[in-house]
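Student: Here you go, this is coords-v1.cif (mmCIF, C-alpha atoms).
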data_start
loop_
_atom_site.group_PDB
_atom_site.id
_atom_site.type_symbol
_atom_site.label_atom_id
_atom_site.label_comp_id
_atom_site.auth_asym_id
_atom_site.auth_seq_id
_atom_site.Cartn_x
_atom_site.Cartn_y
_atom_site.Cartn_z
ATOM 1 C CA MET A 1 -67.058 35.614 -51.208
ATOM 2 C CA LYS A 2 -63.468 34.847 -52.215
ATOM 3 C CA ARG A 3 -62.198 36.144 -48.856
ATOM 4 C CA LYS A 4 -64.720 34.028 -46.948
ATOM 5 C CA LEU A 5 -63.772 30.903 -48.909
ATOM 6 C CA LYS A 6 -60.093 31.535 -48.160
ATOM 7 C CA LEU A 7 -60.969 31.976 -44.476
ATOM 8 C CA TYR A 8 -62.742 28.601 -44.236
ATOM 9 C CA LEU A 9 -60.504 26.613 -46.609
ATOM 10 C CA PRO A 10 -58.387 25.259 -43.708
ATOM 11 C CA PHE A 11 -61.527 23.724 -42.208
ATOM 12 C CA ILE A 12 -62.298 21.944 -45.514
ATOM 13 C CA ASN A 13 -58.737 20.605 -45.576
ATOM 14 C CA ALA A 14 -59.071 19.504 -41.943
ATOM 15 C CA GLY A 15 -62.217 17.526 -42.776
ATOM 16 C CA MET A 16 -60.532 15.779 -45.699
ATOM 17 C CA GLN A 17 -57.422 14.992 -43.648
ATOM 18 C CA GLU A 18 -59.516 13.630 -40.784
ATOM 19 C CA THR A 19 -61.305 11.195 -43.107
ATOM 20 C CA ALA A 20 -58.039 10.187 -44.788
ATOM 21 C CA THR A 21 -56.260 9.730 -41.440
ATOM 22 C CA TYR A 22 -58.901 7.578 -39.778
ATOM 23 C CA ARG A 23 -59.317 5.245 -42.741
ATOM 24 C CA VAL A 24 -59.946 2.135 -40.654
ATOM 25 C CA ASN A 25 -62.756 3.870 -38.779
ATOM 26 C CA PHE A 26 -64.291 4.926 -42.105
ATOM 27 C CA ILE A 27 -64.020 1.375 -43.478
ATOM 28 C CA PHE A 28 -65.741 -0.080 -40.419
ATOM 29 C CA PHE A 29 -68.458 2.551 -40.739
ATOM 30 C CA LEU A 30 -69.072 1.492 -44.346
ATOM 31 C CA LEU A 31 -69.104 -2.190 -43.364
ATOM 32 C CA GLY A 32 -71.613 -1.500 -40.604
ATOM 33 C CA GLU A 33 -73.888 0.407 -42.958
ATOM 34 C CA ALA A 34 -73.544 -2.301 -45.618
ATOM 35 C CA LEU A 35 -74.520 -4.930 -43.056
ATOM 36 C CA ALA A 36 -77.596 -2.911 -42.077
ATOM 37 C CA CYS A 37 -78.444 -2.595 -45.780
ATOM 38 C CA ALA A 38 -78.136 -6.383 -46.255
ATOM 39 C CA VAL A 39 -80.321 -7.072 -43.216
ATOM 40 C CA SER A 40 -83.004 -4.745 -44.603
ATOM 41 C CA PHE A 41 -82.867 -6.568 -47.940
ATOM 42 C CA PHE A 42 -83.435 -9.984 -46.374
ATOM 43 C CA ILE A 43 -86.236 -8.689 -44.169
ATOM 44 C CA TRP A 44 -88.121 -7.157 -47.089
ATOM 45 C CA ASN A 45 -87.423 -10.206 -49.243
ATOM 46 C CA ALA A 46 -89.133 -12.317 -46.570
ATOM 47 C CA VAL A 47 -92.047 -9.862 -46.382
ATOM 48 C CA TYR A 48 -92.692 -9.986 -50.134
ATOM 49 C CA ASN A 49 -92.266 -13.766 -50.294
ATOM 50 C CA SER A 50 -94.602 -14.411 -47.370
ATOM 51 C CA GLY A 51 -97.240 -12.032 -48.729
ATOM 52 C CA GLY A 52 -97.204 -13.605 -52.158
ATOM 53 C CA GLU A 53 -97.683 -10.183 -53.752
ATOM 54 C CA ASN A 54 -95.424 -8.395 -56.195
ATOM 55 C CA GLU A 55 -96.460 -4.940 -54.970
ATOM 56 C CA ILE A 56 -97.119 -3.601 -51.468
ATOM 57 C CA ASN A 57 -98.317 -0.037 -50.875
ATOM 58 C CA GLY A 58 -97.176 1.051 -54.329
ATOM 59 C CA PHE A 59 -93.708 -0.549 -54.033
ATOM 60 C CA SER A 60 -92.740 -3.539 -56.138
ATOM 61 C CA PHE A 61 -89.933 -5.767 -54.844
ATOM 62 C CA GLU A 62 -87.595 -4.244 -57.430
ATOM 63 C CA GLN A 63 -88.432 -0.749 -56.215
ATOM 64 C CA MET A 64 -87.961 -1.793 -52.597
ATOM 65 C CA VAL A 65 -84.462 -3.130 -53.312
ATOM 66 C CA VAL A 66 -83.538 0.109 -55.095
ATOM 67 C CA TYR A 67 -85.064 2.055 -52.180
ATOM 68 C CA ILE A 68 -82.855 0.197 -49.685
ATOM 69 C CA VAL A 69 -79.654 0.841 -51.674
ATOM 70 C CA LEU A 70 -80.524 4.493 -52.279
ATOM 71 C CA MET A 71 -81.394 5.004 -48.614
ATOM 72 C CA PHE A 72 -77.940 3.685 -47.726
ATOM 73 C CA LEU A 73 -76.348 6.099 -50.202
ATOM 74 C CA THR A 74 -78.476 9.066 -49.146
ATOM 75 C CA ASN A 75 -77.734 8.468 -45.478
ATOM 76 C CA GLY A 76 -74.043 8.720 -46.294
ATOM 77 C CA ILE A 77 -74.517 11.951 -48.247
ATOM 78 C CA ILE A 78 -76.694 13.845 -45.776
ATOM 79 C CA GLY A 79 -75.265 12.466 -42.533
ATOM 80 C CA SER A 80 -74.057 15.078 -40.040
ATOM 81 C CA ASP A 81 -72.156 14.725 -36.769
ATOM 82 C CA ALA A 82 -72.678 18.366 -35.807
ATOM 83 C CA SER A 83 -74.715 17.646 -32.669
ATOM 84 C CA TRP A 84 -72.123 15.135 -31.421
ATOM 85 C CA SER A 85 -69.239 17.516 -32.215
ATOM 86 C CA VAL A 86 -70.858 20.436 -30.404
ATOM 87 C CA GLY A 87 -71.703 18.237 -27.416
ATOM 88 C CA GLU A 88 -68.156 16.882 -27.145
ATOM 89 C CA GLU A 89 -66.587 20.340 -27.379
ATOM 90 C CA VAL A 90 -68.840 21.601 -24.586
ATOM 91 C CA ARG A 91 -68.074 18.524 -22.474
ATOM 92 C CA ASP A 92 -64.289 18.650 -22.801
ATOM 93 C CA GLY A 93 -63.950 22.434 -22.948
ATOM 94 C CA THR A 94 -62.329 22.724 -26.387
ATOM 95 C CA ILE A 95 -65.209 24.963 -27.451
ATOM 96 C CA ALA A 96 -63.346 27.781 -25.676
ATOM 97 C CA MET A 97 -60.562 27.619 -28.272
ATOM 98 C CA ARG A 98 -63.023 27.642 -31.162
ATOM 99 C CA LEU A 99 -64.781 30.702 -29.739
ATOM 100 C CA LEU A 100 -61.486 32.622 -29.795
ATOM 101 C CA LYS A 101 -61.233 32.299 -33.576
ATOM 102 C CA PRO A 102 -62.594 35.205 -35.688
ATOM 103 C CA VAL A 103 -64.942 32.932 -37.652
ATOM 104 C CA SER A 104 -68.574 31.836 -37.479
ATOM 105 C CA TYR A 105 -69.024 28.970 -35.025
ATOM 106 C CA ASN A 106 -71.617 27.211 -37.196
ATOM 107 C CA SER A 107 -69.643 27.712 -40.416
ATOM 108 C CA THR A 108 -66.506 26.054 -39.044
ATOM 109 C CA PHE A 109 -68.450 22.805 -38.554
ATOM 110 C CA LEU A 110 -70.173 23.167 -41.940
ATOM 111 C CA PHE A 111 -66.963 23.545 -43.932
ATOM 112 C CA GLN A 112 -65.164 20.846 -41.952
ATOM 113 C CA GLU A 113 -67.978 18.400 -42.706
ATOM 114 C CA PHE A 114 -67.897 19.507 -46.337
ATOM 115 C CA GLY A 115 -64.293 18.337 -46.544
ATOM 116 C CA ASN A 116 -65.349 15.029 -45.031
ATOM 117 C CA LYS A 117 -68.184 14.683 -47.574
ATOM 118 C CA VAL A 118 -65.868 15.176 -50.549
ATOM 119 C CA LEU A 119 -63.983 11.955 -49.844
ATOM 120 C CA THR A 120 -67.098 10.112 -48.685
ATOM 121 C CA GLU A 121 -68.944 10.762 -51.934
ATOM 122 C CA ILE A 122 -65.962 9.745 -54.050
ATOM 123 C CA VAL A 123 -66.084 6.355 -52.329
ATOM 124 C CA LEU A 124 -69.870 5.907 -52.170
ATOM 125 C CA MET A 125 -71.621 7.693 -55.021
ATOM 126 C CA VAL A 126 -70.689 5.852 -58.214
ATOM 127 C CA PRO A 127 -70.507 2.261 -56.848
ATOM 128 C CA LEU A 128 -73.876 2.451 -55.088
ATOM 129 C CA LEU A 129 -75.668 4.074 -58.019
ATOM 130 C CA VAL A 130 -74.271 1.375 -60.298
ATOM 131 C CA ILE A 131 -75.481 -1.306 -57.864
ATOM 132 C CA ALA A 132 -78.957 0.269 -57.640
ATOM 133 C CA GLU A 133 -79.357 0.469 -61.400
ATOM 134 C CA LEU A 134 -77.862 -3.005 -61.929
ATOM 135 C CA VAL A 135 -80.352 -4.496 -59.467
ATOM 136 C CA ARG A 136 -83.205 -2.684 -61.192
ATOM 137 C CA TRP A 137 -82.028 -3.961 -64.590
ATOM 138 C CA LEU A 138 -81.604 -7.557 -63.386
ATOM 139 C CA ILE A 139 -85.099 -7.648 -61.867
ATOM 140 C CA SER A 140 -87.082 -5.661 -64.420
ATOM 141 C CA GLY A 141 -84.910 -6.027 -67.521
ATOM 142 C CA ALA A 142 -85.138 -2.281 -68.189
ATOM 143 C CA VAL A 143 -82.730 0.628 -67.731
ATOM 144 C CA ALA A 144 -84.522 3.345 -65.757
ATOM 145 C CA PHE A 145 -81.648 5.761 -65.052
ATOM 146 C CA SER A 146 -82.501 9.406 -65.771
ATOM 147 C CA VAL A 147 -79.864 12.139 -65.851
ATOM 148 C CA VAL A 148 -82.478 14.783 -65.027
ATOM 149 C CA ARG A 149 -83.769 12.870 -61.990
ATOM 150 C CA PHE A 150 -80.181 12.256 -60.875
ATOM 151 C CA LEU A 151 -79.361 15.981 -60.992
ATOM 152 C CA ILE A 152 -82.553 16.845 -59.096
ATOM 153 C CA TYR A 153 -81.658 14.105 -56.615
ATOM 154 C CA LEU A 154 -78.268 15.769 -56.006
ATOM 155 C CA LEU A 155 -80.005 19.128 -55.526
ATOM 156 C CA SER A 156 -82.435 17.553 -53.078
ATOM 157 C CA CYS A 157 -79.574 15.830 -51.213
ATOM 158 C CA THR A 158 -77.769 19.161 -50.870
ATOM 159 C CA ALA A 159 -80.872 20.733 -49.326
ATOM 160 C CA ALA A 160 -81.377 17.642 -47.135
ATOM 161 C CA TYR A 161 -77.813 17.825 -45.850
ATOM 162 C CA LEU A 162 -78.152 21.509 -44.949
ATOM 163 C CA ILE A 163 -81.437 20.803 -43.143
ATOM 164 C CA ASN A 164 -79.791 17.962 -41.260
ATOM 165 C CA PHE A 165 -76.710 20.018 -40.438
ATOM 166 C CA PHE A 166 -78.579 23.017 -39.052
ATOM 167 C CA PHE A 167 -81.023 20.750 -37.200
ATOM 168 C CA ASN A 168 -78.093 18.940 -35.574
ATOM 169 C CA ILE A 169 -76.417 22.244 -34.709
ATOM 170 C CA CYS A 170 -79.645 23.347 -33.004
ATOM 171 C CA PHE A 171 -79.866 20.016 -31.183
ATOM 172 C CA GLY A 172 -76.200 20.243 -30.205
ATOM 173 C CA PHE A 173 -76.855 23.505 -28.384
ATOM 174 C CA LEU A 174 -78.721 21.424 -25.779
ATOM 175 C CA ALA A 175 -75.255 20.578 -24.487
ATOM 176 C CA PHE A 176 -74.990 24.137 -23.193
ATOM 177 C CA VAL A 177 -77.810 23.212 -20.810
ATOM 178 C CA ILE A 178 -77.611 19.452 -20.102
ATOM 179 C CA LYS A 179 -73.790 19.220 -20.593
ATOM 180 C CA TYR A 180 -73.676 15.689 -22.089
ATOM 181 C CA LEU A 181 -75.602 14.632 -25.193
ATOM 182 C CA TRP A 182 -74.831 10.928 -25.622
ATOM 183 C CA GLY A 183 -78.234 9.632 -24.479
ATOM 184 C CA ALA A 184 -80.150 12.463 -26.134
ATOM 185 C CA ASN A 185 -78.291 11.817 -29.398
ATOM 186 C CA MET A 186 -79.229 8.129 -29.321
ATOM 187 C CA MET A 187 -82.902 9.002 -28.859
ATOM 188 C CA LYS A 188 -82.735 11.671 -31.561
ATOM 189 C CA ASN A 189 -81.184 9.274 -34.091
ATOM 190 C CA CYS A 190 -83.903 6.660 -33.493
ATOM 191 C CA VAL A 191 -86.729 9.168 -33.894
ATOM 192 C CA VAL A 192 -85.216 10.822 -36.970
ATOM 193 C CA GLY A 193 -84.461 7.436 -38.550
ATOM 194 C CA PHE A 194 -88.121 6.444 -38.346
ATOM 195 C CA LEU A 195 -89.606 9.812 -39.358
ATOM 196 C CA SER A 196 -87.213 10.199 -42.316
ATOM 197 C CA GLY A 197 -88.153 6.876 -43.907
ATOM 198 C CA ALA A 198 -84.762 5.294 -43.233
ATOM 199 C CA ILE A 199 -86.366 2.320 -41.459
ATOM 200 C CA ILE A 200 -89.518 1.817 -43.542
ATOM 201 C CA PRO A 201 -90.888 3.825 -46.475
ATOM 202 C CA LEU A 202 -93.335 6.457 -45.268
ATOM 203 C CA ALA A 203 -95.816 5.130 -47.860
ATOM 204 C CA PHE A 204 -96.366 2.161 -45.526
ATOM 205 C CA LEU A 205 -97.747 4.374 -42.744
ATOM 206 C CA PRO A 206 -101.478 5.157 -42.298
ATOM 207 C CA ALA A 207 -102.643 7.930 -44.648
ATOM 208 C CA GLY A 208 -103.352 10.530 -41.955
ATOM 209 C CA LEU A 209 -100.060 9.975 -40.136
ATOM 210 C CA ARG A 210 -98.144 9.917 -43.421
ATOM 211 C CA THR A 211 -99.599 13.279 -44.453
ATOM 212 C CA VAL A 212 -98.429 14.880 -41.216
ATOM 213 C CA ILE A 213 -94.951 13.306 -41.294
ATOM 214 C CA LEU A 214 -94.365 14.374 -44.911
ATOM 215 C CA LEU A 215 -94.774 17.997 -43.800
ATOM 216 C CA LEU A 216 -92.195 17.628 -41.043
ATOM 217 C CA PRO A 217 -88.517 18.388 -41.766
ATOM 218 C CA PHE A 218 -87.409 14.790 -41.229
ATOM 219 C CA ALA A 219 -89.134 13.458 -44.356
ATOM 220 C CA SER A 220 -87.037 15.974 -46.316
ATOM 221 C CA LEU A 221 -83.848 14.275 -45.163
ATOM 222 C CA ASN A 222 -83.962 10.804 -46.727
ATOM 223 C CA TYR A 223 -87.397 10.098 -48.115
ATOM 224 C CA THR A 224 -87.723 13.083 -50.460
ATOM 225 C CA PRO A 225 -84.376 12.621 -52.321
ATOM 226 C CA VAL A 226 -84.895 8.857 -52.683
ATOM 227 C CA MET A 227 -88.462 9.188 -53.983
ATOM 228 C CA ILE A 228 -87.312 11.829 -56.468
ATOM 229 C CA TYR A 229 -84.540 9.596 -57.812
ATOM 230 C CA MET A 230 -86.900 6.643 -58.137
ATOM 231 C CA GLY A 231 -89.399 8.741 -60.096
ATOM 232 C CA MET A 232 -92.167 8.153 -57.537
ATOM 233 C CA TYR A 233 -93.149 11.843 -57.538
ATOM 234 C CA SER A 234 -94.806 13.746 -60.371
ATOM 235 C CA GLY A 235 -93.354 17.049 -61.579
ATOM 236 C CA ILE A 236 -95.675 19.112 -59.367
ATOM 237 C CA GLU A 237 -94.975 16.914 -56.335
ATOM 238 C CA THR A 238 -91.232 17.220 -56.919
ATOM 239 C CA LEU A 239 -91.444 21.020 -56.964
ATOM 240 C CA TRP A 240 -93.605 20.979 -53.821
ATOM 241 C CA TYR A 241 -91.187 18.821 -51.840
ATOM 242 C CA LEU A 242 -88.143 20.767 -53.065
ATOM 243 C CA GLY A 243 -89.906 23.949 -51.900
ATOM 244 C CA LEU A 244 -90.603 22.294 -48.558
ATOM 245 C CA GLN A 245 -86.920 21.427 -48.241
ATOM 246 C CA LEU A 246 -85.996 25.049 -48.951
ATOM 247 C CA PHE A 247 -88.437 26.210 -46.257
ATOM 248 C CA TRP A 248 -87.010 23.893 -43.590
ATOM 249 C CA MET A 249 -83.437 24.722 -44.578
ATOM 250 C CA ILE A 250 -84.044 28.451 -44.051
ATOM 251 C CA ALA A 251 -86.061 27.794 -40.875
ATOM 252 C CA PHE A 252 -83.324 25.747 -39.196
ATOM 253 C CA TRP A 253 -80.617 28.142 -40.369
ATOM 254 C CA GLY A 254 -82.463 31.023 -38.711
ATOM 255 C CA LEU A 255 -83.177 28.940 -35.610
ATOM 256 C CA SER A 256 -79.486 27.992 -35.303
ATOM 257 C CA LYS A 257 -78.516 31.675 -35.318
ATOM 258 C CA LEU A 258 -81.091 32.477 -32.631
ATOM 259 C CA LEU A 259 -80.204 29.511 -30.419
ATOM 260 C CA TRP A 260 -76.497 30.293 -30.681
ATOM 261 C CA ARG A 261 -77.064 33.794 -29.296
ATOM 262 C CA LEU A 262 -79.151 32.398 -26.446
ATOM 263 C CA SER A 263 -76.999 29.345 -25.706
ATOM 264 C CA VAL A 264 -73.578 31.011 -25.606
ATOM 265 C CA LYS A 265 -74.767 33.089 -22.651
ATOM 266 C CA ARG A 266 -75.206 29.841 -20.691
ATOM 267 C CA LEU A 267 -71.826 28.371 -21.593
ATOM 268 C CA CYS A 268 -69.945 26.812 -18.689
ATOM 269 C CA VAL A 269 -66.604 25.322 -19.815
ATOM 270 C CA GLN A 270 -66.017 22.071 -17.911
ATOM 271 C CA GLY A 271 -62.662 20.939 -19.261
ATOM 272 C CA GLY A 272 -59.863 22.548 -21.248
#
Do you think you could lay out the structure here as structure tokens?
Tutor:
Amino acid sequence: MKRKLKLYLPFINAGMQETATYRVNFIFFLLGEALACAVSFFIWNAVYNSGGENEINGFSFEQMVVYIVLMFLTNGIIGSDASWSVGEEVRDGTIAMRLLKPVSYNSTFLFQEFGNKVLTEIVLMVPLLVIAELVRWLISGAVAFSVVRFLIYLLSCTAAYLINFFFNICFGFLAFVIKYLWGANMMKNCVVGFLSGAIIPLAFLPAGLRTVILLLPFASLNYTPVMIYMGMYSGIETLWYLGLQLFWMIAFWGLSKLLWRLSVKRLCVQGG
């Protein structure tokens, strides 16, 4: 284990240095996400005001505001650019250099993104959690923060990130066949955004459709961690959804290994 960590430590450092180097890009990313978060707030504020109801589909306005902030935070934690990175390396031919290294192809991306996440979470985690709890306190007048739920939330986010990473690695292997993933990535992001609850809470969907979507891996990405933090799941439900996350994490890990063995045989380096 110690030898493996030493082997991949340079990739962690590379991820941290990349984030630190392209600071302006990171700042604009945060501003863009914050703008999307603000737009969502005003939209839902209008929905609740026009409906004249304090609660819609089990969500009060206070809970919806917290949901929006937490979704923003969770998106930052579990986000993965693996599919884009794989696609770009296939397109420009730099994948050939990575294949020459005596390391796991998938693991190099994983540890590099881990280095990126370290700095991202330092910037995002505490401020956004403080904002979420402050909003909840201002609206309801009560402090609802739970250390236990927060720790389970972090565990769920870790599983969600690994699901997202291995799913994106699997999706990225399409580049070995179609060569360029820009359009496919755009479509994938739209579909995943809706199915993961990043656009609207899955509780707002029809019961039958919601039941099916909750079993899919995408609900495990954003919706499950956020609902756990907000205390919307009972103890049994929390264990069930954590188990479901574990299942999808192992499933996509295994699928990534299989697809790598099949895809590398079709590799045609275009650039380099």
Student: Determine the residue set returned by the PyMOL selection byres ((chain A and resi 123-136) around 10) for the present structure, and present it as a ChimeraX atom specification.
Tutor: /A:30,61-70,72-74,76-77,117-122,137-145,150
Student: Considering only C-alpha atoms, state which residue in the set A:Val147, A:Phe173, A:Asn57, A:Ile78 is at the smallest distance from Ile95 of chain A.
Tutor: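 For Ile95 of chain A, the nearest of the candidates is A:Phe173.
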Student: Nearest residue to Gly243 of chain A out of A:Val24, A:Leu215, A:Leu209, A:Val90, using all atoms listed in the file?
Tutor: A:Leu215
Student: Hey, what comes out of the PyMOL selection byres ((chain A and resi 168) around 12) on this file? Could you write it as a ChimeraX atom specification?
Tutor: /A:78-87,106,109-110,161-167,169-175,181,184-185,188-189,192,218,249,252-253,255-256,259
Student: With C-alpha atoms retained, write the just-selected residues as an mmCIF file, in the frame of the given file.
Tutor:
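Done, and the output landed in selection.cif:
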data_model
loop_
_atom_site.group_PDB
_atom_site.id
_atom_site.type_symbol
_atom_site.label_atom_id
_atom_site.label_comp_id
_atom_site.auth_asym_id
_atom_site.auth_seq_id
_atom_site.Cartn_x
_atom_site.Cartn_y
_atom_site.Cartn_z
ATOM 1 C CA ILE A 78 -76.694 13.845 -45.776
ATOM 2 C CA GLY A 79 -75.265 12.466 -42.533
ATOM 3 C CA SER A 80 -74.057 15.078 -40.040
ATOM 4 C CA ASP A 81 -72.156 14.725 -36.769
ATOM 5 C CA ALA A 82 -72.678 18.366 -35.807
ATOM 6 C CA SER A 83 -74.715 17.646 -32.669
ATOM 7 C CA TRP A 84 -72.123 15.135 -31.421
ATOM 8 C CA SER A 85 -69.239 17.516 -32.215
ATOM 9 C CA VAL A 86 -70.858 20.436 -30.404
ATOM 10 C CA GLY A 87 -71.703 18.237 -27.416
ATOM 11 C CA ASN A 106 -71.617 27.211 -37.196
ATOM 12 C CA PHE A 109 -68.450 22.805 -38.554
ATOM 13 C CA LEU A 110 -70.173 23.167 -41.940
ATOM 14 C CA TYR A 161 -77.813 17.825 -45.850
ATOM 15 C CA LEU A 162 -78.152 21.509 -44.949
ATOM 16 C CA ILE A 163 -81.437 20.803 -43.143
ATOM 17 C CA ASN A 164 -79.791 17.962 -41.260
ATOM 18 C CA PHE A 165 -76.710 20.018 -40.438
ATOM 19 C CA PHE A 166 -78.579 23.017 -39.052
ATOM 20 C CA PHE A 167 -81.023 20.750 -37.200
ATOM 21 C CA ILE A 169 -76.417 22.244 -34.709
ATOM 22 C CA CYS A 170 -79.645 23.347 -33.004
ATOM 23 C CA PHE A 171 -79.866 20.016 -31.183
ATOM 24 C CA GLY A 172 -76.200 20.243 -30.205
ATOM 25 C CA PHE A 173 -76.855 23.505 -28.384
ATOM 26 C CA LEU A 174 -78.721 21.424 -25.779
ATOM 27 C CA ALA A 175 -75.255 20.578 -24.487
ATOM 28 C CA LEU A 181 -75.602 14.632 -25.193
ATOM 29 C CA ALA A 184 -80.150 12.463 -26.134
ATOM 30 C CA ASN A 185 -78.291 11.817 -29.398
ATOM 31 C CA LYS A 188 -82.735 11.671 -31.561
ATOM 32 C CA ASN A 189 -81.184 9.274 -34.091
ATOM 33 C CA VAL A 192 -85.216 10.822 -36.970
ATOM 34 C CA PHE A 218 -87.409 14.790 -41.229
ATOM 35 C CA MET A 249 -83.437 24.722 -44.578
ATOM 36 C CA PHE A 252 -83.324 25.747 -39.196
ATOM 37 C CA TRP A 253 -80.617 28.142 -40.369
ATOM 38 C CA LEU A 255 -83.177 28.940 -35.610
ATOM 39 C CA SER A 256 -79.486 27.992 -35.303
ATOM 40 C CA LEU A 259 -80.204 29.511 -30.419
#
Student: Written as number ranges by chain, which residues does the PyMOL selection byres ((chain A and resi 203) around 10) give for the file shown?
Tutor: A: 56-59, 197, 200-202, 204-207, 210-211, 214, 223
Student: Between A:Asn116, A:Leu258, A:Tyr153, A:Asn222, which one has atoms that come closest to Gly193 of chain A, using all atoms listed in the file?
Tutor: A:Asn222
Student: Please compute the atom CA of Glu88 of chain A-atom CA of Leu262 of chain A distance, one decimal, in Å.
Tutor: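 Straight-line distance from atom CA of Glu88 of chain A to atom CA of Leu262 of chain A works out to 19.0 Å.
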Student: So the first atom is atom CA of Ile213 of chain A and the second is atom CA of Gln245 of chain A; what is the distance between them in Å, to one decimal place?
Tutor: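 The value is 13.4 Å.
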Student: Restricting the calculation to all atoms listed in the file, which member of A:Gly115, A:Gly51, A:Gly254, A:Gly235 is positioned closest to Val148 of chain A?
Tutor: A:Gly235
Student: Compare A:Ala160, A:Ala219, A:Gln112, A:Met230 by their minimum atom-to-atom distance to Asn13 of chain A, counting only C-alpha atoms, and give me the closest one.
Tutor: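 Comparing A:Ala160, A:Ala219, A:Gln112, A:Met230 against Asn13 of chain A, the winner is A:Gln112.
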Student: Listed atoms of segment 233-247 of chain A, axis-aligned box, 4 Å per side: centre and edge lengths to one decimal in Å, as AutoDock Vina command-line options?
Tutor:
--center_x -90.8 --center_y 19.0 --center_z -53.9 --size_x 17.7 --size_y 22.4 --size_z 23.3
Student: Work out how far apart atom CA of Cys190 of chain A and atom CA of Pro217 of chain A are and give it in Å to one decimal.
Tutor: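 Atom-to-atom, atom CA of Cys190 of chain A and atom CA of Pro217 of chain A are spaced 15.1 Å apart.
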Student: Might you pull out every residue within 12 Å of Tyr233 of chain A, with all atoms listed in the file counted and same-chain residues fewer than 2 positions away left off, and present them as a list of chain:residue names?
Tutor: A:Gly58, A:Arg149, A:Ile152, A:Tyr153, A:Tyr223, A:Thr224, A:Pro225, A:Val226, A:Met227, A:Ile228, A:Tyr229, A:Met230, A:Gly231, A:Gly235, A:Ile236, A:Glu237, A:Thr238, A:Leu239, A:Trp240, A:Tyr241, A:Leu242
Student: Closest to Ala198 of chain A among A:Leu151, A:Met71, A:Met232, A:Ile250, using all atoms listed in the file?
Tutor: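 Using all atoms listed in the file, the shortest distance to Ala198 of chain A belongs to A:Met71.
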